[in-house]
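Notes to accompany the following structure.
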Amino acid sequence: MVTRRSILKAGLSIPVLTMAAGVTTAHSEAKTHEVVIENFEFSPDSLDVKPGDKVVFINNDVVPHTATEKDGAWDSGDLSSGDKWEYTVEGTGTINYYCVHHPVMLGSLTSK
Amino acid sequence: MKSTLRKFATATMIAASASMLAVSAFAKGPAELNDLEIAHVAYTAGNIDIRYAHLALAKSQNEEVRKFAALMLQDHKAVNDQAVALITKLGITPMDNDVSKTLVKNSEALIKEMSALEGKAFDLRYAGNEDDYHKFVNGALEGVFIPNAKNADLKNLLKAGLKVFKVHEGHAGHMVSAIK
């Protein structure tokens with residue numbers, strides 16, 4: 001039975017699927033990079049990436065850390081020991097980030 | 001070897017702060033502690049710094065001091081949580097000892113002293129003590145407790161703690177300079 005709700009649902013699903021397909025195509029060559037947080041350092045502390053790439057931050061220290069863009073554009077929030085957080089790279093240029101709890105911890109992503 | 005370690009521990013403690021511990025009062029010195037006693041001292045030392053941090057957050061209006069104190073609460077809790085997890089995993093009970101007792105006794109006297117201070121006088125005392133306390137703890141960890149710990153998991157946790165506390169030591173030094 002075709003109801004108003006099912007029509008709306010179908011109508012809504014078409015653009016959603018189209019968008020999803022577009023995302024897949026655009027990011028088909030996207031890579032996933034890992035940045036390990038250990039001994040109060042981001043490793044590697046600099047990384048070449050492309051728009052759409054994913055960067056997974058993994059905290060292997062015993063204390064909480066964050067990966068926070070220097071102007072606050074993005075922020076992992078507290079990553080406890082063993083936690084992971086994923087950031088998807090947007091745009092090009094150099095992205096500098098740090099740990100808000102331990103500001104001596106610095107890292108950068110260069111997006112080309 | 002044991003005697004060398006003991007001398008090192010004593011020298012480290014005296015160098016860090018003559019008033020931090022009354023070394024001669026120990027019936028059993030830091031270099032003579034077993035793993036269960038070392039675990040107790042490490043946990044106690046963390047808790048003491050958490051108490052200092054609570055006091056600082058209650059009394060200080062200085063941004064540097066408050067930021068540092070909040071970090072101490074967070075980091076020492078995280079390390080002590082790891083210690084509790086290890087204790088649970090190993091099914092052991094840390095043993096109280098003279099070193100832990102002396103640390104607690106001295107910390108209570110210092111909390112009483114700092115509680116009577118206000119404003120910059122408090123900030124300077126807190127910051128100076130954090131600098132001394134982390135130097136003392138790091139010296140004891142590096143020179144005595146890590147070499148003496150027999151259990152590999154405990155040794156690794158102490159090493160991880162040392163890395164954290166060395167960052168704190170550097171931070172405390174900057175805090176002292178910033179307040180002066």
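Going through the structure tokens in order, the chains are called A, B, and so on, while each chain numbers its residues from 1 and the ligands are numbered from 1 in the order shown.
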I need the contact residues of chain A against chain B, so if you could list those with any atom within 10 Å, counting only C-alpha atoms, and return them as an MDAnalysis selection string, that would help. chainID A and resid 38:40 61:65 80:81 101:102 104
Writer output for current selection, C-alpha atoms, as a CSV table (one decimal), in the first residue's frame:
```csv
chain,number,residue,atom,x,y,z
A,38,GLU,CA,52.6,8.1,22.9
A,39,ASN,CA,55.1,9.5,25.3
A,40,PHE,CA,53.5,12.9,25.0
A,61,ASP,CA,49.5,7.2,26.8
A,62,VAL,CA,48.1,6.6,30.3
A,63,VAL,CA,46.7,10.1,30.6
A,64,PRO,CA,44.0,11.8,28.5
A,65,HIS,CA,45.1,13.9,25.5
A,80,SER,CA,41.5,8.5,27.4
A,81,SER,CA,44.1,5.7,27.2
A,101,HIS,CA,46.1,19.6,28.2
A,102,HIS,CA,49.7,19.5,27.2
A,104,VAL,CA,53.9,21.3,24.2
```
Pick out the residues sitting within 12 Å of A:Val49, and hand them over as a CSV table (one decimal) with N, CA and C atoms, in the first residue's frame; count only C-alpha atoms, and ignore anything fewer than 2 positions along from it in its own chain.
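Saved result, selection_3.csv, follows:
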```
chain,number,residue,atom,x,y,z
A,29,GLU,N,39.5,7.4,-3.6
A,29,GLU,CA,40.9,7.2,-3.4
A,29,GLU,C,41.3,7.7,-2.0
A,30,ALA,N,40.4,8.0,-1.1
A,30,ALA,CA,40.7,8.5,0.2
A,30,ALA,C,41.5,7.4,1.0
A,31,LYS,N,42.5,7.9,1.7
A,31,LYS,CA,43.3,7.0,2.5
A,31,LYS,C,43.0,7.2,4.0
A,32,THR,N,43.3,6.2,4.8
A,32,THR,CA,43.2,6.4,6.3
A,32,THR,C,44.6,6.4,6.8
A,33,HIS,N,44.9,7.4,7.6
A,33,HIS,CA,46.2,7.5,8.2
A,33,HIS,C,46.1,7.4,9.7
A,34,GLU,N,47.1,6.9,10.4
A,34,GLU,CA,47.1,6.8,11.9
A,34,GLU,C,48.1,7.7,12.5
A,46,SER,N,54.1,15.1,11.7
A,46,SER,CA,53.6,15.8,10.5
A,46,SER,C,53.3,14.8,9.4
A,47,LEU,N,52.2,15.1,8.7
A,47,LEU,CA,51.7,14.1,7.8
A,47,LEU,C,51.2,14.8,6.5
A,51,PRO,N,42.4,16.0,0.7
A,51,PRO,CA,41.0,16.2,1.1
A,51,PRO,C,40.3,14.9,1.1
A,52,GLY,N,39.5,14.6,2.1
A,52,GLY,CA,38.7,13.4,2.1
A,52,GLY,C,39.4,12.3,2.8
A,53,ASP,N,40.8,12.4,3.0
A,53,ASP,CA,41.5,11.4,3.8
A,53,ASP,C,41.0,11.4,5.2
A,54,LYS,N,41.1,10.2,5.8
A,54,LYS,CA,40.8,10.2,7.3
A,54,LYS,C,42.1,10.0,8.1
A,55,VAL,N,42.1,10.7,9.2
A,55,VAL,CA,43.2,10.6,10.1
A,55,VAL,C,42.7,10.1,11.5
A,87,TYR,N,39.3,12.0,12.2
A,87,TYR,CA,39.1,13.3,11.6
A,87,TYR,C,39.1,13.1,10.0
A,88,THR,N,38.2,13.7,9.3
A,88,THR,CA,38.2,13.7,7.9
A,88,THR,C,38.7,15.0,7.4
A,89,VAL,N,39.8,15.0,6.6
A,89,VAL,CA,40.4,16.2,6.1
A,89,VAL,C,39.5,17.0,5.1
A,90,GLU,N,39.5,18.3,5.4
A,90,GLU,CA,38.7,19.1,4.5
A,90,GLU,C,39.6,20.2,4.0
A,91,GLY,N,39.5,20.5,2.7
A,91,GLY,CA,40.2,21.6,2.1
A,91,GLY,C,41.7,21.3,2.0
A,92,THR,N,42.5,22.3,1.5
A,92,THR,CA,43.9,22.1,1.4
A,92,THR,C,44.6,23.1,2.3
A,93,GLY,N,45.9,22.9,2.4
A,93,GLY,CA,46.7,23.8,3.3
A,93,GLY,C,47.3,23.1,4.5
A,94,THR,N,48.0,23.9,5.3
A,94,THR,CA,48.6,23.3,6.5
A,94,THR,C,47.6,23.4,7.7
A,95,ILE,N,47.4,22.3,8.4
A,95,ILE,CA,46.5,22.3,9.5
A,95,ILE,C,47.4,22.0,10.8
A,108,SER,N,51.1,18.5,12.8
A,108,SER,CA,50.5,19.2,11.6
A,108,SER,C,50.1,18.2,10.5
A,109,LEU,N,49.1,18.6,9.7
A,109,LEU,CA,48.7,17.9,8.6
A,109,LEU,C,48.9,18.8,7.4
A,110,THR,N,49.5,18.4,6.3
A,110,THR,CA,49.6,19.2,5.1
A,110,THR,C,48.7,18.6,4.0
A,111,SER,N,47.7,19.3,3.7
A,111,SER,CA,46.7,18.8,2.8
A,111,SER,C,46.9,19.4,1.4
A,112,LYS,N,47.1,18.5,0.4
A,112,LYS,CA,47.4,19.0,-1.0
A,112,LYS,C,46.4,18.3,-2.0
```
Identify, on the basis of only C-alpha atoms, every residue whose closest approach to A:Ala67 does not exceed 6 Å; exclude the query and any residue fewer than 6 positions from it along the same chain; express the result as a count of residues only. 4
Find the spatial neighbours of A:Gly82, counting only C-alpha atoms, within a cut-off of 7 Å - ignore same-chain residues fewer than 4 positions away - and output them as a PyMOL selection string. chain A and resi 58-60
Just how far from atom CA of B:Pro30 is atom CA of B:Ala140, in Å to one decimal?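 Answer for the atom CA of B:Ala140 to atom CA of B:Pro30 separation: 8.0 Å.
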In Å, how far is it from atom CA of B:Gly170 to atom CA of B:Glu130? 10.3 Å
Can you pull out the residues contacting B:Ser177? Cut-off 10 Å, using only C-alpha atoms, and skip same-chain residues under 4 positions away; I want them as a list in words.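 Close residues of B:Ser177: Leu124, Ala127, Gly128, Ala172 and Gly173 of chain B.
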If you keep N, CA and C atoms, can you produce a file of those selected residues as a PDB file, in the first residue's frame?
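Below you can see selection.pdb, which holds the result:
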```
ATOM      1  N   LEU B 124      52.727  31.064  44.991  1.00  0.00           N
ATOM      2  CA  LEU B 124      54.169  30.801  44.985  1.00  0.00           C
ATOM      3  C   LEU B 124      54.494  29.522  45.755  1.00  0.00           C
ATOM      4  N   ALA B 127      53.158  26.497  43.667  1.00  0.00           N
ATOM      5  CA  ALA B 127      53.968  26.269  42.466  1.00  0.00           C
ATOM      6  C   ALA B 127      55.352  25.734  42.837  1.00  0.00           C
ATOM      7  N   GLY B 128      55.952  26.350  43.853  1.00  0.00           N
ATOM      8  CA  GLY B 128      57.290  25.911  44.285  1.00  0.00           C
ATOM      9  C   GLY B 128      57.268  24.476  44.772  1.00  0.00           C
ATOM     10  N   ALA B 172      55.717  22.645  35.825  1.00  0.00           N
ATOM     11  CA  ALA B 172      55.766  23.303  37.144  1.00  0.00           C
ATOM     12  C   ALA B 172      56.863  24.371  37.170  1.00  0.00           C
ATOM     13  N   GLY B 173      57.985  24.048  36.542  1.00  0.00           N
ATOM     14  CA  GLY B 173      59.087  25.026  36.477  1.00  0.00           C
ATOM     15  C   GLY B 173      58.651  26.298  35.766  1.00  0.00           C
TER      16      GLY B 173
END
```
List the spatial neighbours of B:Leu73 as a PyMOL selection string - criterion: any atom at most 10 Å away, only C-alpha atoms, same-chain residues fewer than 4 positions off excluded. chain B and resi 46-47+49-54+57+68-69+77-78
Dump N, CA and C atoms for the selected residues as a PDB file, in the first residue's frame?
```
ATOM      1  N   GLY B  46      50.576  10.006  44.160  1.00  0.00           N
ATOM      2  CA  GLY B  46      49.612  10.573  43.214  1.00  0.00           C
ATOM      3  C   GLY B  46      48.435  11.211  43.936  1.00  0.00           C
ATOM      4  N   ASN B  47      47.932  10.504  44.937  1.00  0.00           N
ATOM      5  CA  ASN B  47      46.794  11.039  45.695  1.00  0.00           C
ATOM      6  C   ASN B  47      47.142  12.331  46.406  1.00  0.00           C
ATOM      7  N   ASP B  49      49.244  14.613  45.406  1.00  0.00           N
ATOM      8  CA  ASP B  49      49.245  15.732  44.464  1.00  0.00           C
ATOM      9  C   ASP B  49      47.819  16.106  44.059  1.00  0.00           C
ATOM     10  N   ILE B  50      46.928  15.126  44.058  1.00  0.00           N
ATOM     11  CA  ILE B  50      45.510  15.416  43.788  1.00  0.00           C
ATOM     12  C   ILE B  50      44.945  16.296  44.910  1.00  0.00           C
ATOM     13  N   ARG B  51      45.329  16.022  46.139  1.00  0.00           N
ATOM     14  CA  ARG B  51      44.859  16.843  47.270  1.00  0.00           C
ATOM     15  C   ARG B  51      45.391  18.273  47.155  1.00  0.00           C
ATOM     16  N   TYR B  52      46.672  18.397  46.788  1.00  0.00           N
ATOM     17  CA  TYR B  52      47.245  19.741  46.599  1.00  0.00           C
ATOM     18  C   TYR B  52      46.460  20.483  45.500  1.00  0.00           C
ATOM     19  N   ALA B  53      46.113  19.755  44.445  1.00  0.00           N
ATOM     20  CA  ALA B  53      45.409  20.376  43.306  1.00  0.00           C
ATOM     21  C   ALA B  53      44.016  20.858  43.723  1.00  0.00           C
ATOM     22  N   HIS B  54      43.331  20.042  44.519  1.00  0.00           N
ATOM     23  CA  HIS B  54      42.001  20.466  45.004  1.00  0.00           C
ATOM     24  C   HIS B  54      42.119  21.755  45.819  1.00  0.00           C
ATOM     25  N   LEU B  57      42.702  24.719  43.479  1.00  0.00           N
ATOM     26  CA  LEU B  57      41.479  25.133  42.771  1.00  0.00           C
ATOM     27  C   LEU B  57      40.510  25.850  43.708  1.00  0.00           C
ATOM     28  N   PHE B  68      47.191  24.442  35.844  1.00  0.00           N
ATOM     29  CA  PHE B  68      48.113  23.372  36.256  1.00  0.00           C
ATOM     30  C   PHE B  68      47.413  22.407  37.222  1.00  0.00           C
ATOM     31  N   ALA B  69      46.686  22.971  38.176  1.00  0.00           N
ATOM     32  CA  ALA B  69      45.999  22.132  39.170  1.00  0.00           C
ATOM     33  C   ALA B  69      44.970  21.218  38.497  1.00  0.00           C
ATOM     34  N   LYS B  77      44.873  11.263  38.375  1.00  0.00           N
ATOM     35  CA  LYS B  77      43.736  10.339  38.464  1.00  0.00           C
ATOM     36  C   LYS B  77      43.886   9.254  37.403  1.00  0.00           C
ATOM     37  N   ALA B  78      44.266   9.661  36.198  1.00  0.00           N
ATOM     38  CA  ALA B  78      44.418   8.681  35.109  1.00  0.00           C
ATOM     39  C   ALA B  78      45.492   7.639  35.449  1.00  0.00           C
TER      40      ALA B  78
END
```
Compare B:Glu37, B:Asp153, B:Glu32, B:Glu63 by their minimum atom-to-atom distance to B:Lys120, counting only C-alpha atoms, and give me the closest one. B:Glu63
Which parts of stretch 56-99 of chain B does DSSP call helix (DSSP H, G or I) when run on the backbone here, written out as a PyMOL selection string? chain B and resi 56-59+63-90+98-99
So that I have them on file, write out the residues from the current selection with C-alpha atoms, as a PDB file, in the first residue's frame.
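Contents of part_5.pdb, freshly written:
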```pdb
ATOM      1  CA  ALA B  56      44.799  25.130  44.638  1.00  0.00           C
ATOM      2  CA  LEU B  57      41.479  25.133  42.771  1.00  0.00           C
ATOM      3  CA  ALA B  58      39.692  26.166  45.960  1.00  0.00           C
ATOM      4  CA  LYS B  59      42.092  28.993  46.822  1.00  0.00           C
ATOM      5  CA  GLU B  63      45.008  31.259  35.724  1.00  0.00           C
ATOM      6  CA  GLU B  64      48.370  29.454  35.421  1.00  0.00           C
ATOM      7  CA  VAL B  65      47.950  27.838  38.828  1.00  0.00           C
ATOM      8  CA  ARG B  66      44.347  26.790  38.167  1.00  0.00           C
ATOM      9  CA  LYS B  67      45.223  25.342  34.772  1.00  0.00           C
ATOM     10  CA  PHE B  68      48.113  23.372  36.256  1.00  0.00           C
ATOM     11  CA  ALA B  69      45.999  22.132  39.170  1.00  0.00           C
ATOM     12  CA  ALA B  70      43.256  20.950  36.813  1.00  0.00           C
ATOM     13  CA  LEU B  71      45.875  19.076  34.800  1.00  0.00           C
ATOM     14  CA  MET B  72      47.233  17.442  37.968  1.00  0.00           C
ATOM     15  CA  LEU B  73      43.737  16.265  38.891  1.00  0.00           C
ATOM     16  CA  GLN B  74      43.238  14.782  35.463  1.00  0.00           C
ATOM     17  CA  ASP B  75      46.658  13.173  34.927  1.00  0.00           C
ATOM     18  CA  HIS B  76      47.244  11.785  38.434  1.00  0.00           C
ATOM     19  CA  LYS B  77      43.736  10.339  38.464  1.00  0.00           C
ATOM     20  CA  ALA B  78      44.418   8.681  35.109  1.00  0.00           C
ATOM     21  CA  VAL B  79      47.698   7.162  36.341  1.00  0.00           C
ATOM     22  CA  ASN B  80      46.130   6.020  39.616  1.00  0.00           C
ATOM     23  CA  ASP B  81      43.202   4.492  37.706  1.00  0.00           C
ATOM     24  CA  GLN B  82      45.759   2.474  35.737  1.00  0.00           C
ATOM     25  CA  ALA B  83      47.362   1.436  39.026  1.00  0.00           C
ATOM     26  CA  VAL B  84      44.005   0.256  40.372  1.00  0.00           C
ATOM     27  CA  ALA B  85      43.415  -1.692  37.148  1.00  0.00           C
ATOM     28  CA  LEU B  86      46.818  -3.342  37.526  1.00  0.00           C
ATOM     29  CA  ILE B  87      46.240  -4.150  41.200  1.00  0.00           C
ATOM     30  CA  THR B  88      42.880  -5.701  40.295  1.00  0.00           C
ATOM     31  CA  LYS B  89      44.420  -7.681  37.431  1.00  0.00           C
ATOM     32  CA  LEU B  90      47.210  -9.017  39.615  1.00  0.00           C
ATOM     33  CA  ASP B  98      56.913   4.049  56.446  1.00  0.00           C
ATOM     34  CA  VAL B  99      57.630   5.922  53.216  1.00  0.00           C
TER      35      VAL B  99
END
```
Find the distance between atom CA of B:Asn138 and atom CA of B:Gly29 and write it in Å to one decimal.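 We find that atom CA of B:Asn138 and atom CA of B:Gly29 lie 16.6 Å from each other.
Compared by their closest atoms to B:Asn34, and using only C-alpha atoms, the residues B:Met175, B:Leu55, B:Leu141, B:Met95 rank with B:Met95 nearest.
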